[in-house]
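Here's my_file-v3.cif, which has mmCIF, C-alpha atoms:
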```
data_protein
loop_
_atom_site.label_atom_id
_atom_site.label_comp_id
_atom_site.auth_asym_id
_atom_site.auth_seq_id
_atom_site.Cartn_x
_atom_site.Cartn_y
_atom_site.Cartn_z
CA PRO A 1 -7.33 -6.92 19.18
CA GLN A 2 -9.37 -6.30 22.32
CA ASN A 3 -7.73 -3.14 23.63
CA GLU A 4 -5.48 -0.26 22.60
CA LYS A 5 -2.27 -2.03 23.57
CA GLU A 6 -3.16 -5.08 21.48
CA ILE A 7 -4.00 -2.83 18.52
CA ILE A 8 -0.59 -1.16 18.70
CA THR A 9 1.15 -4.49 19.17
CA GLN A 10 -0.56 -5.96 16.11
CA GLY A 11 0.10 -2.87 14.00
CA LEU A 12 3.81 -2.95 14.89
CA ARG A 13 4.14 -6.71 15.17
CA ASN A 14 7.27 -6.68 13.01
CA LYS A 15 8.87 -3.85 14.96
CA HIS A 16 9.03 -5.14 18.54
CA ILE A 17 12.05 -2.97 19.32
CA PHE A 18 9.94 0.17 18.84
CA ILE A 19 7.17 -1.09 21.10
CA ASP A 20 9.63 -2.08 23.84
CA HIS A 21 11.35 1.30 23.64
CA ILE A 22 8.08 3.21 23.98
CA HIS A 23 6.91 1.12 26.95
CA GLU A 24 10.23 1.33 28.75
CA ASN A 25 10.99 5.01 28.18
CA ASN A 26 7.50 6.51 27.80
CA GLU A 27 8.73 8.84 25.09
CA VAL A 28 8.38 9.46 21.38
CA PHE A 29 10.38 7.14 19.16
CA ASN A 30 11.27 8.39 15.70
CA LEU A 31 10.97 5.61 13.17
CA PRO A 32 13.87 5.49 10.74
CA LEU A 33 13.00 6.65 7.25
CA THR A 34 13.15 4.04 4.54
CA GLU A 35 15.60 4.54 1.74
CA ARG A 36 14.21 6.67 -1.04
CA ARG A 37 14.57 4.93 -4.38
CA ILE A 38 14.16 6.51 -7.79
CA LYS A 39 14.00 4.85 -11.20
CA LYS A 40 13.20 1.53 -9.57
CA TYR A 41 12.63 0.00 -12.99
CA GLU A 42 16.37 0.34 -13.71
CA SER A 43 17.60 -1.41 -10.57
CA GLY A 44 15.24 -4.39 -10.64
CA TYR A 45 13.58 -3.27 -7.40
CA LEU A 46 10.10 -3.57 -8.95
CA ARG A 47 10.38 -7.19 -10.05
CA HIS A 48 10.49 -10.37 -7.99
CA ASP A 49 13.24 -11.79 -10.20
CA GLY A 50 15.44 -8.72 -9.67
CA LYS A 51 15.67 -7.96 -13.36
CA PRO A 52 15.36 -4.38 -14.69
CA GLY A 53 11.92 -3.45 -15.92
CA PHE A 54 8.34 -3.27 -14.74
CA PRO A 55 6.28 -5.95 -12.91
CA THR A 56 4.47 -7.01 -16.09
CA PRO A 57 4.79 -10.24 -18.12
CA SER A 58 6.74 -8.36 -20.78
CA GLY A 59 8.81 -6.38 -18.29
CA LYS A 60 7.78 -3.23 -20.13
CA PHE A 61 5.43 -0.39 -19.29
CA GLU A 62 2.35 -1.73 -21.02
CA PHE A 63 -0.32 0.38 -22.66
CA SER A 64 -1.76 -2.86 -24.00
CA SER A 65 -1.99 -5.39 -21.16
CA THR A 66 -0.54 -8.78 -22.03
CA LEU A 67 -1.98 -10.14 -18.78
CA LEU A 68 -5.56 -9.17 -19.65
CA GLU A 69 -5.10 -10.52 -23.15
CA ARG A 70 -3.87 -13.82 -21.74
CA TYR A 71 -7.16 -14.24 -19.83
CA GLY A 72 -9.32 -13.36 -22.80
CA TYR A 73 -10.05 -9.70 -22.04
CA ASP A 74 -9.48 -6.72 -24.29
CA PRO A 75 -5.89 -5.60 -23.61
CA LEU A 76 -6.84 -1.94 -24.05
CA PRO A 77 -9.32 0.09 -21.97
CA VAL A 78 -12.80 0.03 -23.49
CA TYR A 79 -15.29 2.85 -23.08
CA ARG A 80 -18.89 1.78 -22.66
CA ASP A 81 -21.50 4.51 -22.74
CA PRO A 82 -23.39 4.31 -19.39
CA ARG A 83 -26.56 5.32 -21.18
CA LEU A 84 -26.57 1.94 -22.91
CA THR A 85 -26.76 0.10 -19.56
CA ASP A 86 -30.27 1.38 -18.83
CA CYS A 87 -33.06 0.61 -21.27
CA ASN A 88 -35.44 3.10 -19.60
CA SER A 89 -35.27 6.24 -21.74
CA LEU A 90 -37.04 8.24 -19.02
CA ARG A 91 -33.86 8.16 -16.92
CA SER A 92 -31.92 10.88 -18.68
CA LEU A 93 -29.62 12.19 -15.92
CA MET A 94 -26.24 10.81 -14.91
CA LEU A 95 -25.80 10.15 -11.18
CA THR A 96 -22.34 10.40 -9.67
CA THR A 97 -21.42 9.89 -6.01
CA GLY A 98 -18.52 10.17 -3.61
CA ALA A 99 -17.28 13.77 -3.73
CA ARG A 100 -15.14 14.69 -0.72
CA SER A 101 -16.16 17.19 1.95
CA ARG A 102 -14.31 19.20 4.58
CA ALA A 103 -17.10 18.67 7.11
CA ARG A 104 -16.97 14.87 7.21
CA PHE A 105 -14.84 11.83 6.45
CA ASN A 106 -16.85 9.05 4.83
CA SER A 107 -19.72 8.58 7.32
CA GLN A 108 -17.91 10.12 10.28
CA TYR A 109 -19.28 13.24 12.02
CA LEU A 110 -22.75 12.97 10.45
CA ASP A 111 -24.08 12.43 13.97
CA ARG A 112 -22.84 15.92 14.89
CA PRO A 113 -25.55 18.49 14.04
CA GLU A 114 -23.06 21.36 13.82
CA LEU A 115 -21.04 19.49 11.19
CA ALA A 116 -23.94 17.86 9.36
CA GLU A 117 -25.45 21.33 8.94
CA ARG A 118 -22.40 22.33 6.88
CA ASN A 119 -22.74 19.27 4.67
CA LYS A 120 -26.39 18.47 4.13
CA ALA A 121 -27.75 15.34 2.48
CA VAL A 122 -28.72 16.84 -0.87
CA VAL A 123 -28.82 15.99 -4.52
CA GLU A 124 -26.98 18.63 -6.52
CA MET A 125 -28.54 19.63 -9.83
CA ASN A 126 -27.70 22.05 -12.59
CA PRO A 127 -30.17 25.00 -12.85
CA MET A 128 -31.25 24.01 -16.38
CA ASP A 129 -32.06 20.45 -15.32
CA ALA A 130 -33.91 21.70 -12.25
CA GLU A 131 -35.95 24.26 -14.21
CA ALA A 132 -36.99 21.64 -16.76
CA ARG A 133 -38.41 19.55 -13.89
CA GLY A 134 -39.95 22.39 -11.87
CA ILE A 135 -37.47 21.90 -9.02
CA GLN A 136 -36.04 24.60 -6.75
CA SER A 137 -33.39 24.49 -4.05
CA GLY A 138 -34.89 23.16 -0.82
CA ASP A 139 -37.51 21.00 -2.55
CA ILE A 140 -37.72 17.35 -1.52
CA VAL A 141 -37.16 15.23 -4.60
CA SER A 142 -37.02 11.54 -5.47
CA VAL A 143 -33.88 10.26 -7.19
CA GLN A 144 -34.85 7.15 -9.15
CA THR A 145 -32.58 4.52 -10.71
CA SER A 146 -33.08 0.92 -11.81
CA GLY A 147 -31.87 0.01 -8.31
CA GLY A 148 -34.44 1.99 -6.34
CA GLN A 149 -35.29 5.49 -5.21
CA LEU A 150 -34.01 7.92 -2.58
CA SER A 151 -35.71 11.06 -1.20
CA LEU A 152 -33.40 14.01 -0.66
CA MET A 153 -33.38 17.79 -0.63
CA ALA A 154 -32.48 19.44 -3.94
CA LEU A 155 -29.57 21.86 -4.19
CA VAL A 156 -29.64 23.77 -7.46
CA THR A 157 -26.15 24.93 -8.34
CA ALA A 158 -24.16 25.92 -11.41
CA ASP A 159 -21.20 24.06 -9.89
CA ILE A 160 -22.40 20.83 -11.52
CA CYS A 161 -22.65 20.11 -15.24
CA GLN A 162 -25.97 19.95 -17.03
CA GLY A 163 -27.14 16.36 -17.33
CA VAL A 164 -25.32 15.26 -14.16
CA VAL A 165 -26.51 15.04 -10.54
CA HIS A 166 -24.45 14.29 -7.45
CA ILE A 167 -25.34 12.65 -4.14
CA PRO A 168 -22.78 12.48 -1.30
CA TYR A 169 -22.00 9.10 0.21
CA GLY A 170 -21.80 8.06 3.86
CA GLY A 171 -25.45 8.35 4.85
CA GLY A 172 -27.77 5.69 6.22
CA GLY A 173 -26.60 5.47 9.85
CA HIS A 174 -29.22 5.32 12.60
CA ARG A 175 -27.27 7.83 14.74
CA GLN A 176 -26.99 10.37 11.96
CA VAL A 177 -29.07 13.52 11.93
CA GLY A 178 -31.71 14.90 9.57
CA LEU A 179 -32.02 13.46 6.09
CA TRP A 180 -28.68 11.69 6.49
CA LYS A 181 -30.42 8.84 8.33
CA ASN A 182 -32.05 7.64 5.13
CA ALA A 183 -29.52 9.01 2.64
CA ASN A 184 -27.65 5.82 1.82
CA VAL A 185 -26.93 6.36 -1.87
CA ASN A 186 -25.58 2.82 -2.18
CA LYS A 187 -29.17 1.55 -1.91
CA ILE A 188 -29.98 2.87 -5.38
CA ILE A 189 -26.78 1.76 -7.12
CA PRO A 190 -27.81 -1.09 -9.48
CA HIS A 191 -26.22 -4.40 -8.53
CA ASP A 192 -26.23 -5.71 -12.08
CA VAL A 193 -24.08 -2.91 -13.55
CA ARG A 194 -20.47 -3.69 -12.65
CA ASP A 195 -16.98 -3.43 -14.01
CA PRO A 196 -16.46 -6.66 -15.99
CA LEU A 197 -12.91 -7.16 -14.68
CA SER A 198 -13.06 -6.27 -10.98
CA GLY A 199 -16.77 -6.66 -10.35
CA TYR A 200 -16.74 -3.19 -8.78
CA PRO A 201 -20.12 -1.40 -8.83
CA VAL A 202 -20.50 1.64 -11.05
CA LEU A 203 -20.67 4.48 -8.54
CA LYS A 204 -19.85 7.37 -10.87
CA ALA A 205 -22.11 6.87 -13.87
CA VAL A 206 -25.62 5.62 -13.04
CA MET A 207 -28.58 6.67 -15.16
CA CYS A 208 -31.32 8.25 -13.05
CA GLU A 209 -34.23 10.63 -13.00
CA VAL A 210 -35.13 13.28 -10.42
CA VAL A 211 -38.76 14.15 -9.79
CA PRO A 212 -40.43 16.45 -7.23
CA VAL A 213 -42.14 14.85 -4.25
CA ASN A 214 -45.63 16.28 -3.74
#
```

Could you express the structure from this file as structure tokens?
Amino acid sequence: PQNEKEIITQGLRNKHIFIDHIHENNEVFNLPLTERRIKKYESGYLRHDGKPGFPTPSGKFEFSSTLLERYGYDPLPVYRDPRLTDCNSLRSLMLTTGARSRARFNSQYLDRPELAERNKAVVEMNPMDAEARGIQSGDIVSVQTSGGQLSLMALVTADICQGVVHIPYGGGGHRQVGLWKNANVNKIIPHDVRDPLSGYPVLKAVMCEVVPVN
């Protein structure tokens, strides 16, 4: 799409009657609500063959996945301790990312100083972890993983568990302000630690260490 009209047309490409009505009458058009269905598994609405049940090979709600088992994977969820993915014993903290914020949406609004001020690019640390490393709120620290390092301001807070640190996501844009310009947490997420089924990177449990920057 090259303009707003083409965007709307593509988004409603299967509903031409709505587009025509809006253009001709220049007024709001209330889309009809779809039928609300409950207990879809009883009516066959969930399955392509129309039979009652769930969209699984067995037709049942599966705690043990017959599909994963068919392809050679463990049919049950398997917990793997993230600490075993990093052989460096010096990295003793668990990095998590991606907490939501009222002052931004993903990377949006980080170019607005008045909003970025309310949501600074910081690494949150528990007071006990910070004290053990000689770190205070406002200090510039280096967060180090097997994927790299990132310099951020420390925020010491009891709102985060001991042994865990958090970095917000969305930073790294050249138009962003302050530390946000270089605060792309994805740069230090190891590429070799991924979910074995989806290939998705581990964004919530990365071993790291936080050290003061002199």

Worksheet item: Please, what distance in Å, to one decimal, runs between CA of Gly147 (chain A) and CA of Val185 (chain A)?
Response: 10.3 Å

Worksheet entry | Test item: residues at most 9 Å from Val193 (chain A), all atoms listed in the file, excluding those fewer than 3 positions along its chain, as a list in words | Thr85, Ile189, Pro190, Pro196, Gly199, Tyr200, Pro201, Val202 and Val206 of chain A

Worksheet item: Of the residues A:Ile167, A:Gly72, A:His48, A:Pro113, which is the one nearest to Arg100 (chain A), using all atoms listed in the file?
Response: A:Ile167

Item to complete: Tell me which of A:Glu209, A:Asp111, A:Glu117, A:Glu4 sits closest to Gly148 (chain A), counting only C-alpha atoms.
Response: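 Closest residue, counting only C-alpha atoms: A:Glu209.
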
Item to complete: Kindly give the distance, in Å, that separates CA of Arg104 (chain A) and CA of Thr145 (chain A), rounded to a single decimal.
Response: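 Separating CA of Arg104 (chain A) from CA of Thr145 (chain A) is a distance of 25.9 Å.
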
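Neighbouring residues of Pro75 (chain A) at 10 Å or closer, counting all atoms listed in the file and skipping chain neighbours under 6 positions away, are Glu62, Phe63, Ser64, Ser65, Thr66, Leu67, Leu68 and Glu69 of chain A.
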
Discussion item. When you look at Cys208 (chain A) with a cut-off of 12 Å (counting only C-alpha atoms), what residues show up, excluding the ones that are within fewer than 3 positions of it in the same chain? I need them as a ChimeraX atom specification.
Written reply: /A:82-83,85-96,123,142-150,163-167,188-190,204-205,211
